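Please read the structure below before turning to the comments.
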Amino acid sequence: MSLMKKSEQDVQKMNRVELTPASRVLEGEEAYTLTVELPGVSEKEIELTLENRVLSITAENTLETFKDYTLVLHELPEVRYRAAFDLPEHVDTAGIKAANKNGLLILTLPKREEVKPRRIAITAG
Amino acid sequence: MRAYLNTISNPWRVFDELMGDFPFDLFDTAMRSRAGRFPRVNVWESEGGLAVQAEVAGVDPEKLDVAVDANVLTIKGEREQADGSRAEFQRSFNLPFELEDAQIKAAVKNGLLTVTIPRKATEKRKIAIEKL
């Protein structure tokens, strides 16, 4: 056993360039919607963690290589996307939902009941 | 000298090497901010044909158009960007050979478009030399 020895896969993972993915947050009445661009990333390559109200996203893209072909123009590297978001106190972390669509990771961050707008009925007196 | 020879044998490299002179970060940011209109690609070539991978996160596969006209390949479509706006993008490639447009295969998976197109078979014709 040697500390230097790494499997080829590990080396590949280490060589990946780290990028912050493009993202946006929209505020709705009931929830925030957080969209993160992760092109070429499949669901199982996305790691979502929540710790101390910090939502972290780590993802790696997969690029198919073509056998018997030569790469003549190389603009897409194998990358690791990394982003972290501080969630405000009024986000109900238990209700967070995530979906992956066309290379976009869409997270729904529901607001806690007490901050949602509500109508207060006035009783005639 | 070797690099120079390489450039001649592979014209795609010229672009690659020119871009490679920029500081990496600058290049990366520039490409990413333009990605809406100008998707980044990997192009693969073989004796048999061409394969192109393009980053098209947020694209509706229905709104994606891949076309070949003789030796020009065009990829265009409309996508939703992370900031919520819709952007049209288009990119064309002038290729050193003709492609068989009837046999384009295109697939989108996780916002990554893969297109494969075979080369057009060129007819080799022997020209008889007349004896005068």
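Identifiers in the structure tokens: chain A, B, ... in order shown; residue index from 1 per chain; ligand index from 1 in order shown.
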
Give the residues of chain B that lie within 6 Å of chain A; count only C-alpha atoms, and format the answer as a list in words. Trp12, Arg40, Val41, Asn42, Val43, Trp44, Glu45, Ser46, Glu55, Ala57, Gly58, Ala82, Asp83, Asn110, Gly111 and Leu112 of chain B

Just to be explicit: take each residue in the selection above, keep C-alpha atoms, and write the result as a PDB file, in the first residue's frame.
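Below is the file selection37.pdb, written as the result:
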```pdb
ATOM      1  CA  TRP B  12      -9.336  23.031 -35.824  1.00  0.00           C
ATOM      2  CA  ARG B  40     -19.887  25.264 -26.137  1.00  0.00           C
ATOM      3  CA  VAL B  41     -19.126  22.110 -28.074  1.00  0.00           C
ATOM      4  CA  ASN B  42     -16.860  19.152 -28.446  1.00  0.00           C
ATOM      5  CA  VAL B  43     -16.426  18.031 -32.053  1.00  0.00           C
ATOM      6  CA  TRP B  44     -15.219  14.546 -32.914  1.00  0.00           C
ATOM      7  CA  GLU B  45     -14.181  13.436 -36.368  1.00  0.00           C
ATOM      8  CA  SER B  46     -13.547  10.067 -37.911  1.00  0.00           C
ATOM      9  CA  GLU B  55     -24.140  22.185 -23.874  1.00  0.00           C
ATOM     10  CA  ALA B  57     -29.006  23.308 -20.440  1.00  0.00           C
ATOM     11  CA  GLY B  58     -32.632  24.359 -20.193  1.00  0.00           C
ATOM     12  CA  ALA B  82     -30.721  30.341 -15.315  1.00  0.00           C
ATOM     13  CA  ASP B  83     -31.822  33.971 -14.949  1.00  0.00           C
ATOM     14  CA  ASN B 110     -29.549  16.151 -19.253  1.00  0.00           C
ATOM     15  CA  GLY B 111     -29.074  19.310 -21.293  1.00  0.00           C
ATOM     16  CA  LEU B 112     -26.320  17.837 -23.431  1.00  0.00           C
TER      17      LEU B 112
END
```

Counting only C-alpha atoms, what is within 7 Å of Ala31 in chain A, bar same-chain residues fewer than 3 positions away, as a PyMOL selection string? chain A and resi 27-28+108-111

Would you save the residues from that selection as a compact mmCIF listing (two decimals), in the first residue's frame, using N, CA and C atoms?
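Below you can see selection-v8.txt, which holds the result:
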```
# COMPACT_ATOMS: atom_id res chain seq x y z
N GLU A 27 -38.56 34.38 -6.06
CA GLU A 27 -39.40 34.30 -4.87
C GLU A 27 -40.87 34.27 -5.25
N GLY A 28 -41.56 33.25 -4.78
CA GLY A 28 -43.00 33.17 -4.97
C GLY A 28 -43.69 33.38 -3.63
N THR A 108 -37.31 23.50 -5.04
CA THR A 108 -38.41 24.27 -4.47
C THR A 108 -38.16 24.38 -2.97
N LEU A 109 -38.04 25.61 -2.50
CA LEU A 109 -37.76 25.85 -1.09
C LEU A 109 -38.99 26.50 -0.45
N PRO A 110 -39.87 25.70 0.16
CA PRO A 110 -41.11 26.27 0.68
C PRO A 110 -40.86 27.18 1.88
N LYS A 111 -41.73 28.20 2.00
CA LYS A 111 -41.62 29.10 3.14
C LYS A 111 -42.38 28.50 4.30
```

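For range 67-70 of chain B, the set of protein, DNA and RNA residues having any atom at most 7 Å away, when counting only C-alpha atoms and skipping those fewer than 6 positions along the same chain, is Glu98, Leu99 and Asp101 of chain B.
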
Could those selected residues go to a file with N, CA and C atoms, as a PDB file, in the first residue's frame?
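Output contents, as saved in again.pdb:
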```pdb
ATOM      1  N   GLU B  98     -18.381  16.823 -46.941  1.00  0.00           N
ATOM      2  CA  GLU B  98     -19.840  16.881 -46.959  1.00  0.00           C
ATOM      3  C   GLU B  98     -20.435  15.816 -46.052  1.00  0.00           C
ATOM      4  N   LEU B  99     -21.614  16.105 -45.547  1.00  0.00           N
ATOM      5  CA  LEU B  99     -22.273  15.168 -44.643  1.00  0.00           C
ATOM      6  C   LEU B  99     -23.568  14.653 -45.246  1.00  0.00           C
ATOM      7  N   ASP B 101     -27.021  14.400 -44.921  1.00  0.00           N
ATOM      8  CA  ASP B 101     -28.042  15.040 -44.071  1.00  0.00           C
ATOM      9  C   ASP B 101     -29.241  14.142 -43.782  1.00  0.00           C
TER      10      ASP B 101
END
```

Mind the document's chain letters and residue numbers, and return as a ChimeraX atom specification the residues of range 3-111 of chain A that DSSP labels strand (DSSP E or B). /A:17-19,23-27,31-37,46-51,54-60,70-74,79-86,91,97-101,104-111

Residues near Arg53 in chain A, cut-off 8 Å, only C-alpha atoms, skip fewer than 4 positions along chain, as JSON, numbers by chain: {"A": [86, 87, 88, 89, 93]}

Emit the selected residues as a CSV table (one decimal), in the first residue's frame, including N, CA and C atoms.
```csv
chain,number,residue,atom,x,y,z
A,86,ASP,N,-26.9,29.9,1.4
A,86,ASP,CA,-27.4,30.1,2.8
A,86,ASP,C,-28.9,30.3,2.7
A,87,LEU,N,-29.6,29.4,3.4
A,87,LEU,CA,-31.0,29.5,3.4
A,87,LEU,C,-31.5,30.4,4.5
A,88,PRO,N,-32.5,31.3,4.2
A,88,PRO,CA,-33.0,32.1,5.2
A,88,PRO,C,-33.8,31.3,6.3
A,89,GLU,N,-34.0,31.9,7.5
A,89,GLU,CA,-34.6,31.2,8.6
A,89,GLU,C,-36.0,30.7,8.2
A,93,THR,N,-37.0,23.8,5.7
A,93,THR,CA,-36.0,22.9,5.1
A,93,THR,C,-36.5,21.4,5.0
```

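For the pair CA of Phe97 in chain B and CA of Ile117 in chain B, the separation is 11.5 Å.
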
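Here CA of Asn15 in chain A and CA of Glu51 in chain A stand 26.8 Å from one another.
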
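Between CA of Ser85 in chain B and CA of Asp60 in chain B the separation is 13.7 Å.
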